[in-house]
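K.L.:
Dumping the structure here so I can ask a few things about it.
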2 protein chains.
Amino acid sequence: MKETINILIVEDHLSFAQGMDLLLTQHPKVDRIDIATNRKDALEILSVQSIDIVILDLHFETNDYDGFIIAKKIKQLYPDIKIMILTQHAKKAHHKRLFEECKVDAYLDKKLGVEETFYAIDQVMNDEKYIDESIKEMLEIEGFMNISDREKEVLELLCQGFIHKQIADKLFIVHKTVEVHVRNLRQKFDVKNSAELCAKYAKYKNANRDNIDDTTSPFQE
Amino acid sequence: MKETINILIVEDHLSFAQGMDLLLTQHPKVDRIDIATNRKDALEILSVQSIDIVILDLHFETNDYDGFIIAKKIKQLYPDIKIMILTQHAKKAHHKRLFEECKVDAYLDKKLGVEETFYAIDQVMNDEKYIDESIKEMLEIEGFMNISDREKEVLELLCQGFIHKQIADKLFIVHKTVEVHVRNLRQKFDVKNSAELCAKYAKYKNANRDNIDDTTSPFQE
DNA sequence: ACTTCAATACGGGTTTTCCCTAAAAATCAA
DNA sequence: TTGATTTTTAGGGAAAACCCGTATTGAAGT
């Protein structure tokens, strides 16, 4: 592992980039930080400087390019450079495209604290991927939105303490069907049992009733 | 059931009483509304007016009396008058004292909406007791606060999907002991199984992390 | 010193959940 | 219509949770 780290920040809001600069200089191994506010500057700096990590915003004012295009270009020219994406609004589609198509190394939320940012830097320098917890949660919630109407009915009743047989009677189906729904729910929520399932559901149901648009949410009453 | 309802508001904050007045006049059956800002005025009005419901604040600026004392006095003089308590900060001790000692008929939260207030009025006029949902929840949470440190450890792990045996290993006890803790938790939370237990815990844990003082809360991390 | 209660542990039996596999029927979009 | 997804039903067996007790320890309070 290298002893010093050179970072390039590519971000068209200079003030944010400067704040980031200030934050990153606190990292013990970070040696030099460059800032580029557009693609041209970024590629120029990359051609003359030895850069280890590019911290990249997804959204730019111009329509000529965006974070995806820049990320792809950089990975194509310099495969060894780590790319960390900073975003305000994480989206599942972005997430897939970034990791599978653009091969980025990290996906962070802009309101991230110092410790998490440093941890992310250490991770990518160690050839590990990093996804911010709050983004992970967002992705998980998007996953939860895929639960079917029937599954949601079962889940609500399960959280109210009814056993499979009772749920079955309420929904006029057999208990084995309920069992299948619960199994599929466990899979979708990525949990080990009903207790964790209900805890997770109750948690996100409460936490996200005012920051998810309710027309697509499975949590509307 | 009477066709018209006369209400007396006993509340030392006049502006709040007037707001209440405005709200109550919207009720179809409410005929006349009086306001008293102290005990003397209240008793005087009660002696000359025919009052059906007294809406009473618990807290008064003076130290000479409070809502409890007024409620008891009124029930003693006029047993048929319904008393509805309005409060900002519900407490379990208050709740018991109000219903068992002062024989009040309703216990409401001050930030209550129109529909709930009207429903409460209809309830007490029907000789039914009424406790606001948010107060009910608060009382429940106070119940939850009786869980011991050990129980809380078990509960947290249970919500994370660990089975009794795994929880036992983490806490260096045997699985049978974990079972006892879970059983006691089910009793305290008044739920039927672990799924409901975890759902309820997760729900209140999230809902109340910023309106309960954390020094007495079992939910601190 | 005495009581109370939380925490610990054990046993045996019943109920419920969980896992695996399989497949028919209904619904919906292309 | 065809194909994909959802919803439904099903059986057997293992694992876990739940319920009924009893009982010991230690700490806290009176």
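Chain labels follow the order of the structure tokens: the first chain is A, the next B, and so on; residue numbering restarts at 1 in every chain, and ligands are counted from 1 in their shown order.
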Can you list every residue in chain B that DSSP puts in strand (DSSP E or B), as an NGL selection string?
P.N.:
:B and (5-10 or 30-36 or 53-57 or 82-87 or 106-109 or 130-131)
K.L.:
Considering only C-alpha atoms (C1' of nucleotides), tabulate each residue of chain B that lies at most 12 Å from chain C along with its nearest interatomic pair and the corresponding distance in Å to one decimal; arrange the rows by chain and ascending residue number and present them as CSV.
P.N.:
```
residue,atom,partner,partner_atom,distance
B:Asn146,CA,C:DA6,C1',11.8
B:Ile147,CA,C:DA6,C1',10.6
B:Ser148,CA,C:DA6,C1',8.2
B:Asp149,CA,C:DA6,C1',10.2
B:Arg150,CA,C:DA7,C1',8.3
B:Glu151,CA,C:DA7,C1',9.9
B:Ile163,CA,C:DT17,C1',11.9
B:Ala168,CA,C:DT8,C1',11.7
B:Leu171,CA,C:DT8,C1',11.9
B:Phe172,CA,C:DT8,C1',10.9
B:Ile173,CA,C:DT8,C1',7.8
B:Val174,CA,C:DA9,C1',7.4
B:His175,CA,C:DA9,C1',9.4
B:Lys176,CA,C:DA9,C1',7.2
B:Thr177,CA,C:DT8,C1',6.6
B:Val178,CA,C:DT8,C1',9.8
B:Glu179,CA,C:DA9,C1',11.1
B:Val180,CA,C:DA7,C1',9.6
B:His181,CA,C:DA7,C1',9.0
B:Asn184,CA,C:DA6,C1',11.1
B:Asn193,CA,C:DT16,C1',10.3
B:Ser194,CA,C:DT17,C1',11.5
B:Ala195,CA,C:DT17,C1',11.2
```
K.L.:
Define the interface residues of chain B facing chain A as those within 6 Å, counting only C-alpha atoms, and report them as a compact mmCIF listing (two decimals) with all heavy atoms, in the first residue's frame.
P.N.:
```txt
# COMPACT_ATOMS: atom_id res chain seq x y z
N CYS B 159 -34.04 -8.25 17.55
CA CYS B 159 -34.44 -7.44 16.41
C CYS B 159 -33.44 -7.53 15.26
O CYS B 159 -33.76 -7.21 14.13
CB CYS B 159 -34.60 -5.97 16.82
SG CYS B 159 -36.07 -5.65 17.81
N GLN B 160 -32.24 -7.96 15.59
CA GLN B 160 -31.23 -8.12 14.54
C GLN B 160 -31.26 -9.52 13.95
O GLN B 160 -30.40 -9.90 13.17
CB GLN B 160 -29.83 -7.82 15.09
CG GLN B 160 -29.61 -6.34 15.36
CD GLN B 160 -28.39 -6.08 16.22
OE1 GLN B 160 -27.39 -6.80 16.12
NE2 GLN B 160 -28.47 -5.08 17.07
N GLY B 161 -32.24 -10.30 14.34
CA GLY B 161 -32.45 -11.59 13.70
C GLY B 161 -31.69 -12.76 14.32
O GLY B 161 -31.68 -13.85 13.75
N LYS B 192 -47.95 -10.83 21.40
CA LYS B 192 -48.18 -12.26 21.33
C LYS B 192 -46.94 -13.08 20.98
O LYS B 192 -46.83 -14.23 21.37
CB LYS B 192 -49.30 -12.54 20.30
CG LYS B 192 -50.64 -11.93 20.74
CD LYS B 192 -51.77 -12.24 19.76
CE LYS B 192 -51.76 -11.31 18.56
NZ LYS B 192 -51.90 -9.86 18.91
N ASN B 193 -46.02 -12.49 20.24
CA ASN B 193 -44.80 -13.24 19.88
C ASN B 193 -43.64 -12.29 19.56
O ASN B 193 -43.80 -11.08 19.60
CB ASN B 193 -45.09 -14.16 18.69
CG ASN B 193 -45.70 -13.41 17.52
OD1 ASN B 193 -45.35 -12.27 17.27
ND2 ASN B 193 -46.63 -14.06 16.84
N SER B 194 -42.52 -12.89 19.21
CA SER B 194 -41.30 -12.10 18.97
C SER B 194 -41.45 -11.15 17.80
O SER B 194 -40.91 -10.04 17.83
CB SER B 194 -40.12 -13.04 18.72
OG SER B 194 -39.76 -13.69 19.91
N ALA B 195 -42.19 -11.57 16.78
CA ALA B 195 -42.36 -10.71 15.61
C ALA B 195 -43.04 -9.40 16.01
O ALA B 195 -42.55 -8.31 15.69
CB ALA B 195 -43.18 -11.44 14.55
N GLU B 196 -44.13 -9.52 16.74
CA GLU B 196 -44.84 -8.32 17.17
C GLU B 196 -43.99 -7.52 18.14
O GLU B 196 -43.98 -6.29 18.11
CB GLU B 196 -46.18 -8.72 17.83
CG GLU B 196 -47.10 -7.53 18.07
CD GLU B 196 -48.40 -7.91 18.77
OE1 GLU B 196 -48.58 -9.11 19.07
OE2 GLU B 196 -49.21 -7.01 19.03
N CYS B 198 -40.73 -7.23 18.25
CA CYS B 198 -39.70 -6.49 17.52
C CYS B 198 -40.32 -5.34 16.72
O CYS B 198 -39.74 -4.26 16.64
CB CYS B 198 -38.93 -7.43 16.59
SG CYS B 198 -37.90 -8.59 17.50
N ALA B 199 -41.49 -5.57 16.16
CA ALA B 199 -42.16 -4.52 15.40
C ALA B 199 -42.49 -3.34 16.31
O ALA B 199 -42.21 -2.19 15.99
CB ALA B 199 -43.43 -5.06 14.74
N ALA B 202 -39.25 -1.55 17.51
CA ALA B 202 -38.65 -0.76 16.43
C ALA B 202 -39.48 0.48 16.16
O ALA B 202 -38.94 1.57 15.94
CB ALA B 202 -38.54 -1.61 15.16
N LYS B 203 -40.78 0.32 16.22
CA LYS B 203 -41.68 1.44 15.95
C LYS B 203 -41.49 2.56 16.97
O LYS B 203 -41.24 3.71 16.61
CB LYS B 203 -43.11 0.94 15.98
CG LYS B 203 -44.14 1.99 15.62
CD LYS B 203 -45.54 1.38 15.66
CE LYS B 203 -46.60 2.48 15.68
NZ LYS B 203 -47.93 1.92 15.97
```
K.L.:
Which one is closest to chain B: D:DA4, D:DA28, D:DC19, D:DA10? Count only C-alpha atoms (C1' of nucleotides).
P.N.:
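Smallest distance to chain B is found for D:DC19.
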K.L.:
Define the interface residues of chain D facing chain A as those within 12 Å, counting only C-alpha atoms (C1' of nucleotides), and report them as JSON, numbers by chain.
P.N.:
{"D": [5, 6, 7, 8, 9, 10, 11, 16, 17]}
K.L.:
For Asp127 of chain A, find every residue with an atom within 12 Å (counting only C-alpha atoms (C1' of nucleotides)), except residues of its own chain fewer than 2 positions away, and show them as an NGL selection string.
P.N.:
:A and (1-2 or 52-53 or 80-83 or 104-106 or 120-125 or 129-130)
K.L.:
Residues as selected, C-alpha atoms, written as a CSV table (one decimal), in the first residue's frame, can you do that?
P.N.:
```
chain,number,residue,atom,x,y,z
A,1,MET,CA,0.0,0.0,0.0
A,2,LYS,CA,1.2,3.4,-1.0
A,52,ASP,CA,-4.6,7.9,-6.8
A,53,ILE,CA,-8.2,8.9,-6.1
A,80,ASP,CA,-5.7,2.0,-11.5
A,81,ILE,CA,-7.2,5.3,-10.4
A,82,LYS,CA,-9.9,4.9,-7.7
A,83,ILE,CA,-13.1,6.8,-8.3
A,104,VAL,CA,-16.4,3.1,-9.7
A,105,ASP,CA,-15.0,2.2,-6.2
A,106,ALA,CA,-17.2,4.1,-3.8
A,120,ALA,CA,-14.0,5.2,2.6
A,121,ILE,CA,-10.6,6.4,1.4
A,122,ASP,CA,-8.8,3.7,3.3
A,123,GLN,CA,-11.2,1.1,1.9
A,124,VAL,CA,-10.7,2.1,-1.8
A,125,MET,CA,-7.0,2.3,-1.4
A,129,LYS,CA,-15.6,-1.1,-2.6
A,130,TYR,CA,-17.4,1.3,-0.3
```
K.L.:
If I take atom CA of Leu43 of chain B and atom CA of Ile74 of chain B, how far is one from the other in Å, to one decimal?
P.N.:
7.8 Å
K.L.:
Give me, as a list in words, all polymer residues having an atom no more than 9 Å from Asp21 of chain B, counting only C-alpha atoms (C1' of nucleotides) and skipping those fewer than 5 positions away in the same chain.
P.N.:
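Surrounding residues, per the criterion: Ile9, Phe16, Ile33, Asp34 and Ile35 of chain B.
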K.L.:
Next, dump the selected residues to file, keeping only all heavy atoms, as a short mmCIF file (atom, residue, chain, number, x, y, z; two decimals), in the first residue's frame.
P.N.:
```
data_model
loop_
_atom_site.label_atom_id
_atom_site.label_comp_id
_atom_site.auth_asym_id
_atom_site.auth_seq_id
_atom_site.Cartn_x
_atom_site.Cartn_y
_atom_site.Cartn_z
N ILE B 9 -64.35 26.08 30.06
CA ILE B 9 -62.92 25.87 29.88
C ILE B 9 -62.20 26.50 31.07
O ILE B 9 -62.37 27.70 31.34
CB ILE B 9 -62.41 26.53 28.58
CG1 ILE B 9 -63.12 25.92 27.36
CG2 ILE B 9 -60.90 26.36 28.44
CD1 ILE B 9 -62.84 26.65 26.06
N PHE B 16 -54.90 30.47 24.84
CA PHE B 16 -55.17 29.08 24.49
C PHE B 16 -56.65 28.76 24.69
O PHE B 16 -57.27 28.08 23.87
CB PHE B 16 -54.31 28.13 25.34
CG PHE B 16 -54.53 26.69 25.00
CD1 PHE B 16 -53.92 26.13 23.89
CD2 PHE B 16 -55.38 25.89 25.77
CE1 PHE B 16 -54.14 24.80 23.55
CE2 PHE B 16 -55.60 24.57 25.44
CZ PHE B 16 -54.98 24.02 24.33
N ILE B 33 -70.22 28.37 25.64
CA ILE B 33 -68.88 28.11 26.16
C ILE B 33 -68.46 29.21 27.11
O ILE B 33 -68.52 30.39 26.78
CB ILE B 33 -67.84 28.00 25.02
CG1 ILE B 33 -68.18 26.81 24.10
CG2 ILE B 33 -66.44 27.83 25.59
CD1 ILE B 33 -67.34 26.76 22.86
N ASP B 34 -68.09 28.84 28.33
CA ASP B 34 -67.56 29.80 29.29
C ASP B 34 -66.08 29.54 29.49
O ASP B 34 -65.59 28.42 29.28
CB ASP B 34 -68.29 29.65 30.63
CG ASP B 34 -69.72 30.15 30.55
OD1 ASP B 34 -69.95 31.35 30.76
OD2 ASP B 34 -70.62 29.31 30.24
N ILE B 35 -65.39 30.59 29.93
CA ILE B 35 -63.96 30.46 30.19
C ILE B 35 -63.67 30.98 31.59
O ILE B 35 -64.14 32.05 31.97
CB ILE B 35 -63.12 31.27 29.16
CG1 ILE B 35 -63.30 30.66 27.76
CG2 ILE B 35 -61.64 31.26 29.56
CD1 ILE B 35 -62.58 31.43 26.67
#
```
K.L.:
Write down as a VMD selection string the residues of segment 6-217 of chain A whose backbone DSSP state falls under alpha helix (DSSP H).
P.N.:
chain A and resid 14 to 24 39 to 48 67 to 77 92 to 96 114 to 125 133 to 144 149 to 159 164 to 171 175 to 189 194 to 207
K.L.:
Distance atom CA of Gln76 of chain B-atom CA of Glu61 of chain B, one decimal place?
P.N.:
23.5 Å
K.L.:
Which one of B:Ile51, B:Met20, B:Leu98, B:Ile45 sits closest to Arg32 of chain B if you count only C-alpha atoms?
P.N.:
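Using only C-alpha atoms, Arg32 of chain B sits closest to B:Ile51.
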